[in-house]
$ cat protein-v1.cif   # mmCIF, C-alpha atoms and all ligand atoms
data_work
loop_
_atom_site.label_atom_id
_atom_site.label_comp_id
_atom_site.auth_asym_id
_atom_site.auth_seq_id
_atom_site.Cartn_x
_atom_site.Cartn_y
_atom_site.Cartn_z
CA MET A 209 81.59 88.30 122.69
CA LYS A 210 81.96 88.54 118.88
CA ILE A 211 82.31 92.04 117.45
CA LEU A 212 82.23 93.09 113.81
CA VAL A 213 84.36 96.14 112.92
CA ILE A 214 83.40 98.11 109.82
CA ASN A 215 85.46 100.77 108.04
CA ALA A 216 83.32 102.09 105.19
CA GLY A 217 84.66 104.25 102.38
CA SER A 218 82.72 105.75 99.49
CA SER A 219 83.24 102.69 97.28
CA SER A 220 84.72 100.19 99.70
CA LEU A 221 84.01 98.46 102.98
CA LYS A 222 86.67 96.81 105.13
CA TYR A 223 85.65 94.47 107.94
CA GLN A 224 87.09 92.32 110.73
CA LEU A 225 85.29 89.92 113.02
CA TYR A 226 86.80 89.66 116.52
CA ASP A 227 86.30 87.15 119.29
CA MET A 228 86.84 89.39 122.32
CA THR A 229 87.46 86.51 124.73
CA ASP A 230 91.05 86.50 123.41
CA GLU A 231 90.91 89.43 120.92
CA SER A 232 91.50 87.01 118.07
CA VAL A 233 90.49 87.83 114.49
CA LEU A 234 88.09 85.20 113.17
CA ALA A 235 87.94 86.68 109.67
CA LYS A 236 88.67 89.87 107.81
CA GLY A 237 88.07 91.18 104.35
CA LEU A 238 87.17 93.90 101.96
CA VAL A 239 84.46 94.78 99.48
CA GLU A 240 85.80 96.99 96.69
CA ARG A 241 84.19 98.86 93.80
CA ILE A 242 80.76 99.21 95.45
CA GLY A 243 78.44 100.86 92.93
CA MET A 244 80.65 100.01 89.95
CA ASP A 245 80.12 97.37 87.28
CA SER A 246 81.95 94.51 88.98
CA SER A 247 82.44 94.57 92.74
CA ILE A 248 84.93 92.31 94.46
CA LEU A 249 84.55 90.68 97.87
CA THR A 250 87.78 89.34 99.33
CA HIS A 251 87.15 87.27 102.46
CA LYS A 252 89.98 85.92 104.61
CA PRO A 253 88.79 83.48 107.27
CA THR A 254 91.54 82.71 109.81
CA GLY A 255 92.92 79.24 109.24
CA LYS A 256 90.95 78.73 106.02
CA GLU A 257 91.57 79.58 102.42
CA GLU A 258 90.97 83.11 101.10
CA TYR A 259 87.81 83.49 99.08
CA THR A 260 86.95 86.07 96.39
CA GLU A 261 83.67 86.73 94.71
CA VAL A 262 82.98 89.13 91.84
CA SER A 263 79.40 90.37 91.55
CA GLU A 264 77.38 93.52 91.16
CA ILE A 265 77.08 95.29 94.52
CA LEU A 266 75.27 98.56 93.97
CA GLU A 267 75.22 99.90 97.49
CA HIS A 268 76.55 99.39 101.01
CA THR A 269 73.50 97.48 102.35
CA THR A 270 74.13 94.75 99.80
CA ALA A 271 77.85 94.84 100.63
CA VAL A 272 77.12 94.19 104.33
CA ARG A 273 74.70 91.38 103.40
CA LYS A 274 77.44 89.78 101.27
CA VAL A 275 79.88 90.07 104.18
CA LEU A 276 77.39 88.42 106.56
CA ASN A 277 76.82 85.66 104.00
CA ALA A 278 80.56 85.05 103.75
CA LEU A 279 80.93 85.02 107.55
CA THR A 280 78.18 82.39 107.92
CA ASP A 281 78.92 80.38 104.74
CA ALA A 282 79.19 76.60 105.28
CA GLU A 283 82.57 76.47 103.54
CA HIS A 284 84.26 79.89 104.06
CA GLY A 285 82.37 80.98 107.16
CA VAL A 286 83.60 81.28 110.74
CA ILE A 287 80.28 81.53 112.60
CA SER A 288 77.11 79.50 112.21
CA SER A 289 74.63 82.37 112.45
CA VAL A 290 74.57 86.19 112.26
CA SER A 291 73.02 86.15 115.75
CA GLU A 292 76.51 85.31 117.09
CA ILE A 293 77.56 88.91 116.29
CA GLU A 294 76.78 90.83 119.46
CA ALA A 295 77.98 94.32 118.49
CA VAL A 296 79.19 96.33 115.50
CA GLY A 297 81.85 99.06 115.72
CA HIS A 298 82.17 101.65 112.96
CA ARG A 299 85.15 103.83 112.06
CA VAL A 300 84.10 107.43 111.44
CA VAL A 301 86.80 109.90 110.39
CA HIS A 302 85.23 113.14 111.67
CA GLY A 303 83.65 113.58 115.09
CA GLY A 304 84.04 117.36 115.20
CA GLU A 305 84.15 118.90 118.68
CA ILE A 306 81.10 116.91 119.73
CA PHE A 307 82.57 113.44 119.94
CA LYS A 308 85.52 113.57 122.31
CA GLN A 309 85.10 109.83 122.81
CA SER A 310 83.62 106.79 121.11
CA ALA A 311 79.85 106.49 121.45
CA LEU A 312 76.92 104.12 121.14
CA ILE A 313 74.85 104.82 118.05
CA THR A 314 71.56 106.48 118.95
CA PRO A 315 69.23 108.62 116.81
CA GLU A 316 70.90 111.70 118.37
CA ALA A 317 74.41 110.42 117.56
CA LYS A 318 73.37 109.83 113.96
CA SER A 319 71.97 113.32 113.56
CA GLU A 320 75.20 114.78 115.02
CA ILE A 321 77.26 112.77 112.50
CA ARG A 322 74.98 114.04 109.73
CA ARG A 323 75.52 117.61 110.94
CA LEU A 324 79.26 116.97 110.47
CA PHE A 325 78.82 116.08 106.77
CA ASP A 326 79.53 119.70 106.04
CA LEU A 327 82.95 119.58 107.74
CA ALA A 328 83.90 116.22 106.23
CA PRO A 329 82.06 115.85 102.92
CA LEU A 330 84.49 113.23 101.62
CA HIS A 331 84.58 111.09 104.76
CA ASN A 332 81.43 111.13 106.89
CA PRO A 333 78.78 110.35 104.25
CA PRO A 334 80.35 106.94 103.41
CA SER A 335 80.62 106.13 107.14
CA MET A 336 76.91 106.85 107.49
CA MET A 337 76.21 104.51 104.57
CA GLY A 338 78.10 101.79 106.47
CA ILE A 339 76.12 102.48 109.65
CA ARG A 340 72.77 102.38 107.82
CA ALA A 341 73.75 99.20 106.00
CA ALA A 342 74.73 97.45 109.23
CA GLU A 343 71.54 98.59 110.95
CA ALA A 344 69.43 97.33 108.04
CA ASN A 345 71.07 93.89 108.18
CA MET A 346 71.38 93.62 111.99
CA PRO A 347 68.57 95.77 113.41
CA ASN A 348 68.77 94.48 117.00
CA VAL A 349 72.53 94.57 117.45
CA PRO A 350 74.11 97.50 119.36
CA GLN A 351 76.38 99.64 117.18
CA THR A 352 79.12 102.09 118.09
CA VAL A 353 81.08 104.87 116.41
CA ILE A 354 84.81 105.36 116.92
CA PHE A 355 86.24 108.61 115.57
CA ASP A 356 89.64 109.38 114.04
CA THR A 357 89.41 112.85 115.58
CA SER A 358 88.64 111.98 119.25
CA PHE A 359 92.24 111.39 120.35
CA HIS A 360 93.23 114.86 119.10
CA GLN A 361 90.60 116.69 121.14
CA THR A 362 93.27 117.27 123.82
CA MET A 363 95.22 119.65 121.53
CA PRO A 364 95.58 123.14 123.02
CA GLU A 365 93.87 126.06 121.31
CA LYS A 366 97.20 127.41 120.00
CA ALA A 367 97.63 124.17 118.04
CA TYR A 368 94.12 123.79 116.68
CA MET A 369 93.20 127.37 115.76
CA TYR A 370 93.96 128.76 112.29
CA ALA A 371 95.11 132.39 112.03
CA ILE A 372 92.01 133.50 110.15
CA PRO A 373 89.01 135.57 111.33
CA ARG A 374 87.57 134.03 114.50
CA VAL A 375 84.05 134.32 113.13
CA LEU A 376 84.83 131.29 110.92
CA TYR A 377 85.48 129.20 114.01
CA ASN A 378 82.45 130.59 115.83
CA LYS A 379 80.08 130.08 112.92
CA TYR A 380 81.45 126.99 111.17
CA LYS A 381 83.91 125.37 113.62
CA VAL A 382 86.79 125.82 111.18
CA ARG A 383 89.80 124.49 113.14
CA ARG A 384 92.30 121.62 113.17
CA TYR A 385 90.78 118.24 114.11
CA GLY A 386 93.43 115.75 112.90
CA ALA A 387 92.82 112.13 111.94
CA HIS A 388 94.16 108.57 112.43
CA GLY A 389 93.63 109.17 116.18
CA THR A 390 92.97 105.50 116.98
CA SER A 391 96.34 104.66 115.42
CA HIS A 392 98.35 107.45 117.09
CA ASP A 393 96.75 106.52 120.44
CA PHE A 394 97.43 102.80 119.97
CA VAL A 395 101.07 103.03 118.85
CA SER A 396 102.02 105.59 121.51
CA LYS A 397 100.67 103.26 124.23
CA GLU A 398 102.40 100.26 122.61
CA ALA A 399 105.67 102.25 122.50
CA ALA A 400 105.55 102.92 126.25
CA LYS A 401 104.74 99.24 126.88
CA PHE A 402 107.59 98.10 124.62
CA LEU A 403 110.07 100.36 126.42
CA GLY A 404 108.70 99.51 129.88
CA ARG A 405 108.42 103.23 130.67
CA PRO A 406 105.41 105.26 131.92
CA LEU A 407 103.57 106.95 129.07
CA GLU A 408 103.10 110.03 131.29
CA ASP A 409 106.88 110.68 131.18
CA LEU A 410 107.35 110.39 127.42
CA LYS A 411 107.50 112.81 124.50
CA ILE A 412 106.61 110.71 121.46
CA ILE A 413 106.33 111.58 117.78
CA THR A 414 104.11 109.07 115.97
CA CYS A 415 104.38 108.91 112.16
CA HIS A 416 101.35 107.13 110.68
CA ILE A 417 102.27 106.92 107.02
CA GLY A 418 100.07 104.77 104.82
CA ASN A 419 98.05 105.82 101.85
CA GLY A 420 96.89 108.76 103.94
CA GLY A 421 99.52 110.00 106.38
CA SER A 422 99.68 112.07 109.54
CA ILE A 423 102.17 112.79 112.27
CA THR A 424 101.37 113.57 115.90
CA ALA A 425 103.20 115.02 118.91
CA VAL A 426 102.11 112.91 121.90
CA GLN A 427 103.16 114.33 125.26
CA GLY A 428 102.31 112.37 128.41
CA GLY A 429 99.94 110.21 126.37
CA LEU A 430 97.96 113.17 124.99
CA SER A 431 97.91 114.54 121.45
CA VAL A 432 99.31 118.08 121.62
CA ASP A 433 99.60 118.68 117.86
CA THR A 434 98.94 116.81 114.65
CA SER A 435 99.54 117.44 110.97
CA MET A 436 96.09 116.80 109.49
CA GLY A 437 93.81 119.80 109.70
CA MET A 438 90.12 120.52 109.43
CA THR A 439 90.16 117.69 106.88
CA PRO A 440 92.69 114.92 106.12
CA LEU A 441 94.24 117.01 103.35
CA GLU A 442 96.68 119.12 105.37
CA GLY A 443 100.15 118.11 106.50
CA LEU A 444 102.35 115.42 104.99
CA MET A 445 102.59 114.64 101.31
CA MET A 446 100.49 111.47 100.76
CA GLY A 447 99.67 108.92 98.07
CA THR A 448 97.22 111.15 96.21
CA ARG A 449 96.88 114.16 98.57
CA SER A 450 99.00 117.29 98.34
CA GLY A 451 99.47 117.96 102.07
CA ASP A 452 100.60 121.49 102.96
CA LEU A 453 100.56 124.16 100.27
CA ASP A 454 100.17 127.93 100.03
CA PRO A 455 96.39 128.46 100.29
CA ALA A 456 96.68 131.23 97.69
CA ILE A 457 97.37 128.54 95.09
CA VAL A 458 93.74 127.40 95.33
CA PRO A 459 91.99 130.58 94.09
CA TYR A 460 94.85 131.20 91.63
CA VAL A 461 94.51 127.80 89.96
CA MET A 462 90.72 127.88 90.12
CA ASN A 463 90.80 131.18 88.26
CA LYS A 464 93.42 130.19 85.67
CA GLU A 465 91.96 126.74 84.90
CA GLU A 466 88.32 127.70 85.48
CA LEU A 467 87.91 124.93 88.06
CA THR A 468 84.86 124.43 90.26
CA VAL A 469 85.08 123.84 94.02
CA ASN A 470 84.54 120.10 93.46
CA GLU A 471 87.22 119.96 90.79
CA VAL A 472 89.84 121.68 92.89
CA ASN A 473 88.96 119.45 95.88
CA SER A 474 89.35 116.40 93.69
CA MET A 475 92.66 117.68 92.29
CA LEU A 476 94.15 118.16 95.77
CA ASN A 477 92.73 114.95 97.31
CA LYS A 478 92.89 112.45 94.47
CA HIS A 479 95.35 113.68 91.83
CA SER A 480 98.22 115.12 93.86
CA GLY A 481 100.90 113.74 96.21
CA LEU A 482 103.19 110.88 95.14
CA LEU A 483 100.93 110.17 92.16
CA ALA A 484 101.23 113.68 90.72
CA ILE A 485 104.97 114.10 91.21
CA SER A 486 106.08 110.59 90.22
CA GLY A 487 103.63 110.45 87.32
CA ILE A 488 103.60 106.69 87.94
CA SER A 489 101.76 105.71 91.09
CA SER A 490 100.42 106.67 94.50
CA ASP A 491 101.99 103.50 95.88
CA MET A 492 105.29 104.07 97.68
CA ARG A 493 106.54 100.66 96.53
CA GLU A 494 106.33 101.64 92.87
CA VAL A 495 107.76 105.11 93.52
CA THR A 496 110.72 103.53 95.34
CA GLU A 497 111.26 101.11 92.47
CA GLY A 498 111.22 104.03 90.04
CA MET A 499 113.81 105.85 92.15
CA GLU A 500 116.02 102.75 92.33
CA LYS A 501 115.95 102.59 88.53
CA GLY A 502 117.11 106.21 88.43
CA GLU A 503 113.82 107.62 87.19
CA ALA A 504 113.87 111.41 87.85
CA ASN A 505 110.20 112.04 88.68
CA SER A 506 110.00 109.12 91.12
CA THR A 507 113.23 110.26 92.74
CA LEU A 508 111.80 113.75 93.26
CA ALA A 509 108.53 112.30 94.62
CA PHE A 510 110.44 110.17 97.15
CA GLU A 511 112.71 113.06 98.14
CA MET A 512 109.80 115.46 98.68
CA TYR A 513 107.91 112.87 100.72
CA GLU A 514 110.93 112.17 102.92
CA TYR A 515 111.92 115.86 103.30
CA ARG A 516 108.45 116.96 104.34
CA LEU A 517 108.12 114.15 106.88
CA ARG A 518 111.53 115.01 108.35
CA LYS A 519 110.60 118.71 108.67
CA TYR A 520 107.49 117.74 110.65
CA ILE A 521 109.55 115.55 112.99
CA GLY A 522 111.84 118.52 113.61
CA SER A 523 108.96 120.86 114.27
CA TYR A 524 107.23 118.49 116.70
CA ALA A 525 110.49 118.00 118.59
CA ALA A 526 110.50 121.80 118.92
CA ALA A 527 106.79 121.85 119.87
CA MET A 528 107.48 119.53 122.83
CA ASN A 529 110.97 120.91 123.58
CA GLY A 530 112.39 117.45 122.99
CA VAL A 531 111.57 113.97 121.87
CA ASP A 532 112.18 110.61 123.59
CA VAL A 533 110.62 108.26 121.06
CA ILE A 534 109.79 108.32 117.35
CA VAL A 535 107.37 105.68 116.08
CA PHE A 536 106.91 104.60 112.46
CA THR A 537 103.64 102.88 111.62
CA ALA A 538 101.08 102.07 108.84
CA GLY A 539 101.83 100.70 105.35
CA VAL A 540 104.87 102.84 104.49
CA GLY A 541 106.12 103.34 108.06
CA GLU A 542 106.05 99.62 108.88
CA ASN A 543 107.45 98.36 105.58
CA SER A 544 109.77 100.88 103.98
CA ALA A 545 113.22 100.46 105.51
CA VAL A 546 114.68 102.80 102.88
CA LEU A 547 112.30 105.65 103.76
CA ARG A 548 113.05 105.25 107.49
CA LYS A 549 116.79 105.20 106.80
CA ARG A 550 116.66 108.32 104.62
CA VAL A 551 114.65 110.23 107.25
CA LEU A 552 116.77 109.16 110.22
CA GLU A 553 120.20 109.67 108.68
CA GLN A 554 119.42 113.39 108.45
CA LEU A 555 118.26 113.61 112.07
CA THR A 556 121.61 112.96 113.72
CA PHE A 557 121.44 116.45 115.27
CA LEU A 558 118.77 114.99 117.60
CA GLY A 559 121.26 112.34 118.72
CA ILE A 560 119.57 109.62 116.69
CA GLU A 561 121.78 106.66 115.80
CA LEU A 562 120.15 104.22 113.40
CA ASP A 563 121.07 100.53 113.57
CA GLU A 564 120.95 99.59 109.90
CA SER A 565 120.71 95.85 110.48
CA LEU A 566 117.76 96.25 112.88
CA ASN A 567 116.12 98.62 110.40
CA ALA A 568 116.40 96.02 107.64
CA ILE A 569 114.57 93.31 109.61
CA ARG A 570 111.05 92.55 108.35
CA SER A 571 108.69 91.58 111.13
CA GLY A 572 105.10 92.06 112.21
CA GLU A 573 106.20 92.73 115.79
CA PRO A 574 107.03 96.01 117.57
CA ARG A 575 110.78 96.61 117.35
CA ARG A 576 113.58 99.08 118.00
CA ILE A 577 115.71 100.26 115.06
CA THR A 578 118.22 102.50 116.88
CA THR A 579 121.45 101.57 118.66
CA ALA A 580 121.85 101.42 122.45
CA ASN A 581 123.66 104.79 122.27
CA SER A 582 120.93 106.64 120.43
CA LYS A 583 119.50 109.58 122.42
CA VAL A 584 116.08 109.00 120.88
CA GLU A 585 114.48 105.55 120.68
CA VAL A 586 113.08 104.91 117.21
CA LEU A 587 110.52 102.11 117.03
CA VAL A 588 108.53 100.40 114.30
CA ILE A 589 105.13 99.44 115.71
CA PRO A 590 102.43 97.77 113.60
CA THR A 591 99.23 99.72 114.06
CA ASN A 592 95.86 98.11 114.67
CA GLU A 593 93.01 100.57 114.26
CA GLU A 594 90.45 97.75 114.08
CA LEU A 595 91.51 96.34 117.45
CA VAL A 596 91.08 99.78 119.07
CA ILE A 597 87.58 99.96 117.55
CA ALA A 598 86.74 96.44 118.79
CA ARG A 599 88.03 97.22 122.30
CA ASP A 600 86.09 100.50 122.53
CA THR A 601 82.96 98.77 121.25
CA PHE A 602 83.37 95.97 123.80
CA ARG A 603 83.70 98.54 126.60
CA LEU A 604 80.68 100.54 125.43
CA VAL A 605 78.27 97.62 125.07
CA GLN A 606 79.24 95.91 128.35
N1 LIG A 701 107.24 97.42 101.32
C1 LIG A 701 106.68 98.62 101.18
N2 LIG A 701 107.46 99.68 100.85
C2 LIG A 701 106.92 100.90 100.70
N3 LIG A 701 105.63 101.16 100.86
C3 LIG A 701 104.80 100.16 101.16
C4 LIG A 701 105.28 98.84 101.35
N4 LIG A 701 104.21 98.05 101.65
C5 LIG A 701 103.12 98.86 101.66
N5 LIG A 701 103.47 100.13 101.37
C6 LIG A 701 102.61 101.31 101.24
O1 LIG A 701 101.56 101.29 102.19
C7 LIG A 701 100.42 101.92 101.61
C8 LIG A 701 99.17 101.42 102.29
O2 LIG A 701 99.24 101.70 103.64
P1 LIG A 701 98.00 101.47 104.59
O3 LIG A 701 98.40 101.86 105.96
O4 LIG A 701 97.49 100.08 104.41
O5 LIG A 701 97.02 102.54 103.97
P2 LIG A 701 95.47 102.83 104.06
O6 LIG A 701 94.98 102.29 105.37
O7 LIG A 701 95.43 104.32 104.00
O8 LIG A 701 94.85 102.17 102.86
C9 LIG A 701 100.48 101.57 100.14
O9 LIG A 701 99.97 102.61 99.36
C10 LIG A 701 101.97 101.41 99.89
O10 LIG A 701 102.44 102.61 99.31
C1 LIG A 702 91.70 109.99 107.44
C2 LIG A 702 92.50 109.24 106.44
O1 LIG A 702 93.34 109.80 105.79
O2 LIG A 702 92.28 107.94 106.37
P1 LIG A 702 93.04 106.88 105.42
O3 LIG A 702 94.48 106.93 105.77
O4 LIG A 702 92.40 105.56 105.80
O5 LIG A 702 92.77 107.32 104.02
MG MG A 703 94.61 103.63 107.03
#
$ encode --input "protein-v1.cif" --output "structure tokens"
Amino acid sequence: MKILVINAGSSSLKYQLYDMTDESVLAKGLVERIGMDSSILTHKPTGKEEYTEVSEILEHTTAVRKVLNALTDAEHGVISSVSEIEAVGHRVVHGGEIFKQSALITPEAKSEIRRLFDLAPLHNPPSMMGIRAAEANMPNVPQTVIFDTSFHQTMPEKAYMYAIPRVLYNKYKVRRYGAHGTSHDFVSKEAAKFLGRPLEDLKIITCHIGNGGSITAVQGGLSVDTSMGMTPLEGLMMGTRSGDLDPAIVPYVMNKEELTVNEVNSMLNKHSGLLAISGISSDMREVTEGMEKGEANSTLAFEMYEYRLRKYIGSYAAAMNGVDVIVFTAGVGENSAVLRKRVLEQLTFLGIELDESLNAIRSGEPRRITTANSKVEVLVIPTNEELVIARDTFRLVQ
């Protein structure tokens, strides 16, 4: 069975086509700048040359049509007809309390996702655009939704409630939901497999640090706490998001700068984090380069990012009364040896002993970066959110 995985953002659409007989990726790619003057399609067919096309793509339906054209193209394509695609799986960030698991798309599921627009105004509307676009182009193909929040639905009340009037939970479902659940779920299972130990026995801290970042305490295979909150703004410092801050700053700054709700949301989500402190970039590679050149703002940005991540690791070790395994994953976690080193060399009180030569190895495979004596196993595990989506879709449409 061939399954197309779609991860739609407000101005982008990432895709991967899987052959589920062996879970191989036939092609993957990305449409960027949807709705802007020149949109870019980058298509990477496995075993063939990468292909890019610049054109005007005004909305997601056209973007999906372009993707289907690329997938079936005589030269760059990997299938002969769209009818070979037997299911489509969509990433949706917010599933609220309704979607504790992945689901087939039905009219009821779509209206529930629409009801959640309110809780996730930055994330769910673009997902719905992706769903509508796929339905318009492939009306008879079953479609599924896989939520970032589902894995975290096992958190206990004490972890997901905020200490604010309960009426806000009762009326509006204001609580912690978390995100990146497919990734935290995947890498915690991979960690147990790598170590050859039962997941049920392990206390794992998974650090998913990419452009967005979150950290999760996984006990016995279940999420018991996570750093993202009602929205993906809370928690770690990220590329352009502030992470944790005193909530009193929001009304204070709104008042002083005469900002609207949209402006303050944009400030905290798009103009904060590494970008704001370094003054250079939201990309950890450029911030690290700045630090290595001795640039003060980049150095501070790196130090804040590392310090805040380390504090979360400490607090989740306390939350679970111990930690057996720490996992680093996603763009920064998988690639930045210097960030991992700086975090781990200040966690020796947990009995962590970093093996610097293992940490320096670059590889796309799961690997251990601690010594045989280390009391905590620290692993680098490449995440694969798309594979989780493809597997769930395969299971649901069977
Ligand atoms: N070698 C590297 N060193 C440090 N950071 C890196 C490196 N390679 C990639 N990154 C970081 O990974 C981020 C992207 O991570 P990714 O998980 O792909 O994010 P997302 O899925 O949120 O777009 C980039 O912003 C970049 O900062
Ligand atoms: C939820 C979220 O932060 O997603 P991403 O890391 O893809 O931005
Ligand atoms: Mg990501």
$ residues_near_ligand --input "protein-v1.cif" --ligand "ligand MG 703 (chain A)" --cutoff "7 Å" --atoms "only C-alpha atoms and all ligand atoms" --output "list in words"
Gly418, Asn419, Gly420 and Ala538 of chain A
$ residues_near_ligand --input "protein-v1.cif" --ligand "ligand LIG 702 (chain A)" --cutoff "8 Å" --atoms "all atoms listed in the file" --output "PDB file with C-alpha atoms, in the frame of the given file"
ATOM      1  CA  VAL A 301      86.800 109.900 110.390  1.00  0.00           C
ATOM      2  CA  HIS A 331      84.580 111.090 104.760  1.00  0.00           C
ATOM      3  CA  ASP A 356      89.640 109.380 114.040  1.00  0.00           C
ATOM      4  CA  ALA A 387      92.820 112.130 111.940  1.00  0.00           C
ATOM      5  CA  HIS A 388      94.160 108.570 112.430  1.00  0.00           C
ATOM      6  CA  ILE A 417     102.270 106.920 107.020  1.00  0.00           C
ATOM      7  CA  GLY A 418     100.070 104.770 104.820  1.00  0.00           C
ATOM      8  CA  ASN A 419      98.050 105.820 101.850  1.00  0.00           C
ATOM      9  CA  GLY A 420      96.890 108.760 103.940  1.00  0.00           C
ATOM     10  CA  GLY A 421      99.520 110.000 106.380  1.00  0.00           C
ATOM     11  CA  SER A 422      99.680 112.070 109.540  1.00  0.00           C
ATOM     12  CA  THR A 439      90.160 117.690 106.880  1.00  0.00           C
ATOM     13  CA  PRO A 440      92.690 114.920 106.120  1.00  0.00           C
ATOM     14  CA  LEU A 441      94.240 117.010 103.350  1.00  0.00           C
TER      15      LEU A 441
END
$ closest_residue --input "protein-v1.cif" --among "A:Ile560, A:Val540, A:Val596, A:Ile248" --to "ligand LIG 701 (chain A)" --atoms "all atoms listed in the file"
A:Val540
$ residues_around --input "protein-v1.cif" --residues "Gln606 in chain A" --least-positions-apart "2" --cutoff "12 Å" --atoms "all atoms listed in the file" --output "count of residues only"
14
$ closest_residue --input "protein-v1.cif" --among "A:Asn592, A:Thr424, A:Asn543, A:Ser489" --to "ligand LIG 701 (chain A)" --atoms "all atoms listed in the file"
A:Asn543
$ closest_residue --input "protein-v1.cif" --among "A:Glu365, A:Glu561, A:Glu542, A:Glu573" --to "ligand LIG 701 (chain A)" --atoms "all atoms listed in the file"
A:Glu542
$ residues_near_point --input "protein-v1.cif" --point "(84.3, 124.9, 113.5)" --cutoff "12 Å" --atoms "only C-alpha atoms" --output "VMD selection string"
chain A and resid 302 to 306 323 to 324 326 to 328 368 to 370 373 to 385 437 to 439
$ write_last_selection --input "protein-v1.cif" --atoms "C-alpha atoms" --output "CSV table (one decimal), in the frame of the given file"
chain,number,residue,atom,x,y,z
A,302,HIS,CA,85.2,113.1,111.7
A,303,GLY,CA,83.6,113.6,115.1
A,304,GLY,CA,84.0,117.4,115.2
A,305,GLU,CA,84.2,118.9,118.7
A,306,ILE,CA,81.1,116.9,119.7
A,323,ARG,CA,75.5,117.6,110.9
A,324,LEU,CA,79.3,117.0,110.5
A,326,ASP,CA,79.5,119.7,106.0
A,327,LEU,CA,83.0,119.6,107.7
A,328,ALA,CA,83.9,116.2,106.2
A,368,TYR,CA,94.1,123.8,116.7
A,369,MET,CA,93.2,127.4,115.8
A,370,TYR,CA,94.0,128.8,112.3
A,373,PRO,CA,89.0,135.6,111.3
A,374,ARG,CA,87.6,134.0,114.5
A,375,VAL,CA,84.0,134.3,113.1
A,376,LEU,CA,84.8,131.3,110.9
A,377,TYR,CA,85.5,129.2,114.0
A,378,ASN,CA,82.4,130.6,115.8
A,379,LYS,CA,80.1,130.1,112.9
A,380,TYR,CA,81.4,127.0,111.2
A,381,LYS,CA,83.9,125.4,113.6
A,382,VAL,CA,86.8,125.8,111.2
A,383,ARG,CA,89.8,124.5,113.1
A,384,ARG,CA,92.3,121.6,113.2
A,385,TYR,CA,90.8,118.2,114.1
A,437,GLY,CA,93.8,119.8,109.7
A,438,MET,CA,90.1,120.5,109.4
A,439,THR,CA,90.2,117.7,106.9
$ residues_around --input "protein-v1.cif" --residues "Gln361 in chain A" --least-positions-apart "2" --cutoff "9 Å" --atoms "all atoms listed in the file" --output "list of chain:residue names"
A:Gly304, A:Glu305, A:Phe307, A:Lys308, A:Gln309, A:Thr357, A:Ser358, A:Phe359, A:Met363, A:Pro364, A:Tyr385, A:Gly386, A:Ser431, A:Val432
$ atom_distance --input "protein-v1.cif" --atom1 "CA of Gly429 in chain A" --atom2 "CA of Arg576 in chain A"
19.5 Å
$ closest_residue --input "protein-v1.cif" --among "A:Arg516, A:Arg548, A:Arg493, A:Lys222" --to "ligand LIG 701 (chain A)" --atoms "only C-alpha atoms and all ligand atoms"
A:Arg493
